[in-house]
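> I am attaching a structure below and will ask some questions about it afterwards.
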Amino acid sequence: MKTEFLKGLAQRDGGSLEAALRLTLDNAGRGIVRYDAQGHVLLFNRLALEMLDLPEAVLAGSTVADIIRYQQKRGDFETSEIQPPGDPDGWAAELFRPHRYLRRTKSGRSLEIATTPLSDGGAVRTYTDVTAYVEAERALTEKTRALEITLDSMSQGISAIDGKGRLVFWNKQYQQLLDLPDSLLKSGPTMEQLVRFQIERGDFGDNFEFVDAVARGYVAVGDKAPPLEGPETYVRKTRDGRHYDVTTRPLPDGGVVRTFTDITAYVQSQEALLRAKEEAQEASGAKTRFLSSMSHEIRTPMNAVLGMLTLLRGTPLSARQADYATQAEGAARALLSLLNDILDFSKIEAGKMTLDARPFSLEQLLEDLSLVLSSNVGTRDIEVLYDLDPRVPDMLNGDDMRLRQILINLGSNAVKFTERGEVVLRTRLVRLQDGVATVEFAVQDSGIGISPEEQRHLFADYEQASPATARQYGGTGLGLGICRRLTELMGANLQLASTRGIGSRFWFTLSLPLVGDAAPAGAEAAGDAPQRVLIVDDNALARDSLAALARAAGWQADTAHDGAQALARIEGAAGLGMGYDVVFVDWLMPGLDGWQTCARIRALALPARPPLVVMVTAHGREMIHTRPAREQAMLDGFLVKPVTAGMLRTALRRAKAGPSDAMATTEFPLESHLLDGIRLLVAEDNEVNQRIAKELLTRQGAIVDVVGNGQLAVERLAEGHAYDAVLMDMQMPVMDGIAATHEIRKRFPADVLPIIAITANAMETDREACLAAGMNDHVGKPFVLEDVVAVILEHGVHDRPAFAETGHGSAAATDPVFDRVAAIARLGGDEDLLETVLPVFRENLERARTQLEPANAMPPDQLARVMHTIKGMAGNLGAMELSKLASEAEKALLAGREDHGASARVGAAIADVLRALSK
């Protein structure tokens with residue numbers, strides 16, 4: 001069949017068989033040379049000539065010896081990978097022995113040469129160009145070597161186990177980490193053999209304690225272990241204390257790769273970190289215990305100092321004595337403020353500071369802040385002003401106490417470092433979206449300013465701008481550090497812009513959810529008629545900010561920059577029949593000051609009634625009382641800067657009410673009889689504090705018994721003495737307050753006999769301990785009388801049986817909606833005080849009713865706080881039915897019982913009270 005094929009080729013190529021054979025050989029893909037039995041070349045193809053780079057004449061008719069001699073002479077074998085041995089004639093005999101070798105030509109080719117003997121005694125030699133294969137193999141060898149070097153240089157030990165469980169690769173670090181001998185590794189051990197070797201050497205420990213539970217089950221069975229599959233990770237230890245992280249990962253062919261990482265340094269660092277953490281926690285605990293002890297030890301005598309000063313101010317004093325007492329109290333409260341700063345800083349540092357978000361009135365917060373900031377001015381030539389954005393909503397949800405703390409600190413610092421000029425607190429509505437108001441709060445002053453270098457470390461704890469500042473102005477440097485941390489806790493950043501000698505601006509931005517509708521803080525209150533007012537002030541900012549607040553309240557406001565312009569405006573408006581209802585006039589102005597302007601206004605011959613005149617001053621109300629009585633009589637009222645919209649409205653109402661209200665103050669009366677008829681048991685071991693508590697509470701109308709320790713309190717109650725509440729110190733001899741509370745609670749539940757902690761222990765953990773022991777509330781020493789009275793009224797009045805036996809109880813029963821007689825009795829018989837309080841009460845009720853509308857639905861905890869507020873203010877002012885409904889709703893909400901009709905019932909009761917008040 002082959003012959004027929006060749007004949008066919010020959011016929012197509014002109015009948016030449018030789019030509020057909022030549023064509024076949026030349027396309028064979030390799031060089032071919034045919035030798036006879038004597039070594040003569042019988043046949044060769046074109047590729048043989050090309051690969052050997054020989055002239056055709058050399059091959060044609062030559063012997064193998066002739067060819068070799070020609071190549072030797074030309075130097076072909078100098079670069080051969082395999083040099084032909086011996087004399088060329090000896091190759092004739094070698095020619096007919098089958099063999100195969102590689103040879104490199106002078107041109108750089110790699111040839112594979114193969115000899116195949118033939119049956120006729122001759123042979124065929126083939127030449128295959130394997131240059132590409134050889135180069136690829138060389139490159140692979142180089143890469144393999146580079147990989148081996150790389151793996152050997154790694155810090156991790158690496159091994160490869162094939163699908164049959166045999167070790168097929170390892171690097172140098174693997175051998176070193178596991179300390180395995182060469183003889184074992186080079187024997188190609190199985191995984192079982194490796195494990196058995198290490199078990200016998202004790203590498204895993206006598207009871208396999210050096211490997212964790214993940215690997216213990218595997219190594220314990222030794223050569224019976226199943227093949228590794230992965231992935232898995234475990235940690236093993238060595239006898240010399242090192243730790244290895246062992247990781248197994250599967251390979252596609254069924255084997256696994258294992259890595260051994262020495263994590264000894266990491267484990268040691270973690271152990272050191274754990275020890276340091278435990279030491280830090282112990283140190284923190286020691287610091288906390290020290291602060292708690294220090295707080296108690298300082299607050300106890302501080303309570304005595306402040307209590308005695310309060311009692312002293314309630315006695316007849318000369319002006320100089322009263323001033324001494326006031327300054328002494330101020331110094332004591334400054335020391336108390338420092339103590340509170342230290343405790344706050346400690347809580348923040350320990351991560352124990354938490355926010356107490358609740359509904360609050362921004363208007364009320366700023367009004368309270370006004371009293372604090374104005375009292376810090378003293379006799380300096382400073383005006384503290386508010387520049388309030390009237391678009392900012394009033395009722396917001398957030399931690400008002402911490403916000404107040406930040407603003408007091410920033411404002412007080414601004415006043416302290418400003419000798420003359422102004423301090424301005426600004427609010428600005430940044431955004432109102434999706435029920436959240438984003439508000440920027442800023443405090444700006446014209447004080448000493450802060451250099452760029454000083455600003456870099458100003459917010460650090462215990463830092464002030466410079467040592468010179470600390471020497472001149474005092475302070476600890478804690479305030480700004482606390483402010484920074486509090487703003488961060490509230491999701492904001494406290495920022496600063498300042499220029500030395502010009503002033504400073506601190507600001508931060510808070511996002512606060514709305515409560516109820518989005519009524520601005522300065523919005524007109526229900527029942528307020530539009531007013532025409534004139535604002536007189538030489539300070540443009542003060543003048544414009546007051547005018548903006550007035551306009552936001554729905555009033556028509558004009559301004560004047562001095563007394564002369566004010567008189568002209570008053571006369572002009574009166575001549576047009578558009579006289580002003582009220583004039584708010586600044587005290588200190590160039591030209592005509594406030595008092596002179598008031599006198600000129602009173603002397604004007606106006607066609608209609610003269611306007612009411614309210615003095616606005618940057619100094620305290622005590623400065624008003626230094627003026628002669630005839631000058632004070634010219635005023636219909638006064639305001640102390642900074643001023644809010646609510647303060648404007650209150651001042652106007654008081655001015656309209658007449659002289660009795662015009663000069664009213666908001667100071668807490670020392671003898672208000674708010675606790676009339678309430679029986680109190682005070683457990684306190686300090687004799688001075690016993691005397692202070694008894695005298696202050698007695699002046700409020702309470703019937704007070706005092707015992708010296710918790711054991712006596714328990715015995716007193718066991719003897720059958722009835723009390724409406726117990727005020728309990730925590731640290732007392734014989735039996736402390738916690739133990740005494742546990743004993744009392746065995747007989748008297750919390751809703752039957754309230755126990756209120758009055759203690760110098762001010763840490764949050766102390767408060768939690770009080771509540772956990774069964775106490776109802778906690779008041780820190782030195783206590784503020786108003787706070788103690790408020791807590792007692794909250795827990796010990798509304799539902800107490802003894803209260804119903806007093807005159808107040810029977811009076812309240814005659815008119816459960818609003819009993820004026822009972823309200824006056826609650827206020828110590830001061831009817832004027834009731835008239836002052838009622839407008840505020842009415843405003844608060846209106847606000848509460850809005851909060852309870854269905855459109856302003858709120859979570860149960862917020863609603864409970866609203867009910868709690870309604871309960872307290874209604875109970876204190878004789879609206880007993882409203883107080884009762886709010887109390888029931890609050891209890892239901894706190895117990896998790898949902899009463900959908902409670903808000904409607906309380907809202908209806910509020911409407912009844914408002915109608916009763918309007919009569």
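Residues are named by chain letter and number: chains run A, B, ... in the order of the structure tokens, numbers start at 1 in each chain, and ligands are numbered from 1 in the order shown.
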So which residues touch Gly701 in chain A within 7 Å, counting only C-alpha atoms, skipping near sequence neighbours fewer than 4 positions away, as a PDB file with all heavy atoms, in the first residue's frame?


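Now in part14.pdb:
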```pdb
ATOM      1  N   HIS A 673     -43.363  77.195 102.363  1.00  0.00           N
ATOM      2  CA  HIS A 673     -44.342  76.238 102.911  1.00  0.00           C
ATOM      3  C   HIS A 673     -44.860  75.270 101.850  1.00  0.00           C
ATOM      4  O   HIS A 673     -45.997  74.827 101.916  1.00  0.00           O
ATOM      5  CB  HIS A 673     -45.516  76.985 103.572  1.00  0.00           C
ATOM      6  CG  HIS A 673     -45.086  77.836 104.729  1.00  0.00           C
ATOM      7  ND1 HIS A 673     -44.870  77.324 105.985  1.00  0.00           N
ATOM      8  CD2 HIS A 673     -44.810  79.169 104.801  1.00  0.00           C
ATOM      9  CE1 HIS A 673     -44.482  78.298 106.799  1.00  0.00           C
ATOM     10  NE2 HIS A 673     -44.425  79.430 106.104  1.00  0.00           N
ATOM     11  N   LEU A 674     -44.021  74.947 100.885  1.00  0.00           N
ATOM     12  CA  LEU A 674     -44.429  73.981  99.867  1.00  0.00           C
ATOM     13  C   LEU A 674     -44.583  72.582 100.454  1.00  0.00           C
ATOM     14  O   LEU A 674     -45.257  71.738  99.869  1.00  0.00           O
ATOM     15  CB  LEU A 674     -43.407  73.947  98.725  1.00  0.00           C
ATOM     16  CG  LEU A 674     -43.354  75.188  97.833  1.00  0.00           C
ATOM     17  CD1 LEU A 674     -42.183  75.092  96.868  1.00  0.00           C
ATOM     18  CD2 LEU A 674     -44.655  75.324  97.051  1.00  0.00           C
ATOM     19  N   LEU A 675     -43.978  72.338 101.610  1.00  0.00           N
ATOM     20  CA  LEU A 675     -44.041  70.999 102.225  1.00  0.00           C
ATOM     21  C   LEU A 675     -44.957  70.980 103.435  1.00  0.00           C
ATOM     22  O   LEU A 675     -44.813  70.122 104.312  1.00  0.00           O
ATOM     23  CB  LEU A 675     -42.631  70.546 102.621  1.00  0.00           C
ATOM     24  CG  LEU A 675     -41.586  70.488 101.506  1.00  0.00           C
ATOM     25  CD1 LEU A 675     -40.249  69.998 102.065  1.00  0.00           C
ATOM     26  CD2 LEU A 675     -42.046  69.596 100.373  1.00  0.00           C
ATOM     27  N   ASP A 676     -45.897  71.918 103.485  1.00  0.00           N
ATOM     28  CA  ASP A 676     -46.798  72.011 104.641  1.00  0.00           C
ATOM     29  C   ASP A 676     -47.430  70.652 104.971  1.00  0.00           C
ATOM     30  O   ASP A 676     -48.060  70.015 104.111  1.00  0.00           O
ATOM     31  CB  ASP A 676     -47.917  73.023 104.350  1.00  0.00           C
ATOM     32  CG  ASP A 676     -47.636  74.360 105.037  1.00  0.00           C
ATOM     33  OD1 ASP A 676     -46.585  74.463 105.690  1.00  0.00           O
ATOM     34  OD2 ASP A 676     -48.452  75.273 104.888  1.00  0.00           O
ATOM     35  N   GLY A 677     -47.255  70.220 106.219  1.00  0.00           N
ATOM     36  CA  GLY A 677     -47.927  69.016 106.703  1.00  0.00           C
ATOM     37  C   GLY A 677     -47.254  67.721 106.341  1.00  0.00           C
ATOM     38  O   GLY A 677     -47.691  66.654 106.779  1.00  0.00           O
ATOM     39  N   LEU A 697     -35.918  72.261 105.898  1.00  0.00           N
ATOM     40  CA  LEU A 697     -37.162  71.568 105.551  1.00  0.00           C
ATOM     41  C   LEU A 697     -38.315  72.042 106.437  1.00  0.00           C
ATOM     42  O   LEU A 697     -39.462  72.112 105.982  1.00  0.00           O
ATOM     43  CB  LEU A 697     -36.963  70.055 105.690  1.00  0.00           C
ATOM     44  CG  LEU A 697     -35.979  69.446 104.672  1.00  0.00           C
ATOM     45  CD1 LEU A 697     -35.669  68.001 105.025  1.00  0.00           C
ATOM     46  CD2 LEU A 697     -36.533  69.544 103.252  1.00  0.00           C
TER      47      LEU A 697
END
```

> Identify, with DSSP run on backbone atoms, the residues in range 621-654 of chain A assigned to strand (DSSP E), and express the list as a PDB file with N, CA and C atoms, in the first residue's frame.


```pdb
ATOM      1  N   GLY A 637     -41.170  97.604  84.621  1.00  0.00           N
ATOM      2  CA  GLY A 637     -40.544  96.288  84.668  1.00  0.00           C
ATOM      3  C   GLY A 637     -39.084  96.391  84.283  1.00  0.00           C
ATOM      4  N   PHE A 638     -38.356  95.286  84.404  1.00  0.00           N
ATOM      5  CA  PHE A 638     -36.960  95.299  83.981  1.00  0.00           C
ATOM      6  C   PHE A 638     -36.580  93.905  83.495  1.00  0.00           C
ATOM      7  N   LEU A 639     -35.558  93.867  82.660  1.00  0.00           N
ATOM      8  CA  LEU A 639     -35.009  92.622  82.126  1.00  0.00           C
ATOM      9  C   LEU A 639     -33.498  92.668  82.252  1.00  0.00           C
ATOM     10  N   VAL A 640     -32.894  91.524  82.515  1.00  0.00           N
ATOM     11  CA  VAL A 640     -31.439  91.421  82.566  1.00  0.00           C
ATOM     12  C   VAL A 640     -30.977  90.675  81.319  1.00  0.00           C
TER      13      VAL A 640
END
```

> Fewer than 6 positions away in the same chain doesn't count, so skip those; otherwise give me all residues within 8 Å of Val706 in chain A, counting only C-alpha atoms, as a PyMOL selection string.

chain A and resi 681-684+690+694

> Only all heavy atoms, please: the residues just picked out, written as a JSON list (two decimals), in the first residue's frame.


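Written out: selection-v2.json:
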```json
[["chain", "number", "residue", "atom", "x", "y", "z"],
["A", 681, "LEU", "N", -38.70, 61.75, 107.65],
["A", 681, "LEU", "CA", -37.70, 61.15, 108.52],
["A", 681, "LEU", "C", -36.34, 61.33, 107.83],
["A", 681, "LEU", "O", -36.15, 60.86, 106.70],
["A", 681, "LEU", "CB", -37.98, 59.67, 108.75],
["A", 681, "LEU", "CG", -36.92, 58.91, 109.56],
["A", 681, "LEU", "CD1", -36.78, 59.48, 110.97],
["A", 681, "LEU", "CD2", -37.25, 57.42, 109.61],
["A", 682, "VAL", "N", -35.41, 62.00, 108.48],
["A", 682, "VAL", "CA", -34.08, 62.23, 107.94],
["A", 682, "VAL", "C", -33.08, 61.36, 108.68],
["A", 682, "VAL", "O", -32.96, 61.45, 109.92],
["A", 682, "VAL", "CB", -33.68, 63.72, 108.06],
["A", 682, "VAL", "CG1", -32.24, 63.93, 107.57],
["A", 682, "VAL", "CG2", -34.64, 64.60, 107.29],
["A", 683, "ALA", "N", -32.36, 60.49, 107.96],
["A", 683, "ALA", "CA", -31.31, 59.65, 108.54],
["A", 683, "ALA", "C", -29.97, 60.22, 108.10],
["A", 683, "ALA", "O", -29.59, 60.13, 106.94],
["A", 683, "ALA", "CB", -31.46, 58.20, 108.07],
["A", 684, "GLU", "N", -29.24, 60.83, 109.04],
["A", 684, "GLU", "CA", -27.99, 61.54, 108.74],
["A", 684, "GLU", "C", -27.12, 61.52, 109.98],
["A", 684, "GLU", "O", -27.57, 61.85, 111.08],
["A", 684, "GLU", "CB", -28.31, 62.99, 108.32],
["A", 684, "GLU", "CG", -27.14, 63.94, 108.32],
["A", 684, "GLU", "CD", -26.13, 63.63, 107.24],
["A", 684, "GLU", "OE1", -26.48, 63.70, 106.04],
["A", 684, "GLU", "OE2", -24.99, 63.31, 107.61],
["A", 690, "GLN", "N", -27.52, 67.42, 110.00],
["A", 690, "GLN", "CA", -28.82, 67.18, 110.64],
["A", 690, "GLN", "C", -29.53, 68.50, 110.91],
["A", 690, "GLN", "O", -30.72, 68.67, 110.59],
["A", 690, "GLN", "CB", -28.64, 66.43, 111.95],
["A", 690, "GLN", "CG", -28.26, 64.98, 111.83],
["A", 690, "GLN", "CD", -28.07, 64.33, 113.19],
["A", 690, "GLN", "OE1", -28.15, 64.98, 114.22],
["A", 690, "GLN", "NE2", -27.82, 63.02, 113.17],
["A", 694, "LYS", "N", -32.95, 69.78, 108.97],
["A", 694, "LYS", "CA", -34.17, 69.98, 109.76],
["A", 694, "LYS", "C", -34.67, 71.41, 109.64],
["A", 694, "LYS", "O", -35.87, 71.66, 109.44],
["A", 694, "LYS", "CB", -33.91, 69.63, 111.22],
["A", 694, "LYS", "CG", -35.17, 69.73, 112.08],
["A", 694, "LYS", "CD", -35.02, 69.02, 113.41],
["A", 694, "LYS", "CE", -36.35, 69.04, 114.17],
["A", 694, "LYS", "NZ", -36.30, 68.26, 115.40]]
```

> Using only C-alpha atoms, determine which residues lie at most 10 Å from Thr115 in chain A, disregarding the query and same-chain residues fewer than 6 positions distant; provide the list as a ChimeraX atom specification.

/A:33-34,94-101,123-127

> I need the residues from that last selection saved to file as an mmCIF file, in the first residue's frame (with C-alpha atoms), if you can.


```
data_model
loop_
_atom_site.group_PDB
_atom_site.id
_atom_site.type_symbol
_atom_site.label_atom_id
_atom_site.label_comp_id
_atom_site.auth_asym_id
_atom_site.auth_seq_id
_atom_site.Cartn_x
_atom_site.Cartn_y
_atom_site.Cartn_z
ATOM 1 C CA VAL A 33 20.410 10.983 7.306
ATOM 2 C CA ARG A 34 20.524 7.335 6.075
ATOM 3 C CA GLU A 94 29.097 3.686 17.448
ATOM 4 C CA LEU A 95 26.790 4.675 14.631
ATOM 5 C CA PHE A 96 24.954 1.387 14.599
ATOM 6 C CA ARG A 97 24.280 1.396 18.373
ATOM 7 C CA PRO A 98 20.919 2.922 19.298
ATOM 8 C CA HIS A 99 21.374 6.095 21.363
ATOM 9 C CA ARG A 100 19.958 9.634 21.876
ATOM 10 C CA TYR A 101 21.608 12.852 23.074
ATOM 11 C CA ALA A 123 21.226 3.129 10.393
ATOM 12 C CA VAL A 124 19.034 6.231 10.316
ATOM 13 C CA ARG A 125 20.006 9.308 12.283
ATOM 14 C CA THR A 126 17.358 12.025 13.005
ATOM 15 C CA TYR A 127 17.905 15.647 14.108
#
```

> Which one of A:Arg22, A:Asp581, A:Gly447, A:Glu440 sits closest to Asn493 in chain A if you count only C-alpha atoms?

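Smallest separation from Asn493 in chain A among the options: A:Glu440.
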
> Take CA of Ser153 in chain A and CA of Gly205 in chain A and report the distance between them in Å, one decimal.

29.4 Å

> Check the smallest atom-to-atom distance from each of A:Val533, A:Thr741, A:Glu786, A:Leu852 to Ala772 in chain A using only C-alpha atoms, then report the winner.

A:Thr741

> Residues near Glu768 in chain A, anyone? I mean within 10 Å using only C-alpha atoms, not counting same-chain ones fewer than 5 positions away, as a PyMOL selection string.

chain A and resi 763+773+775+777-778
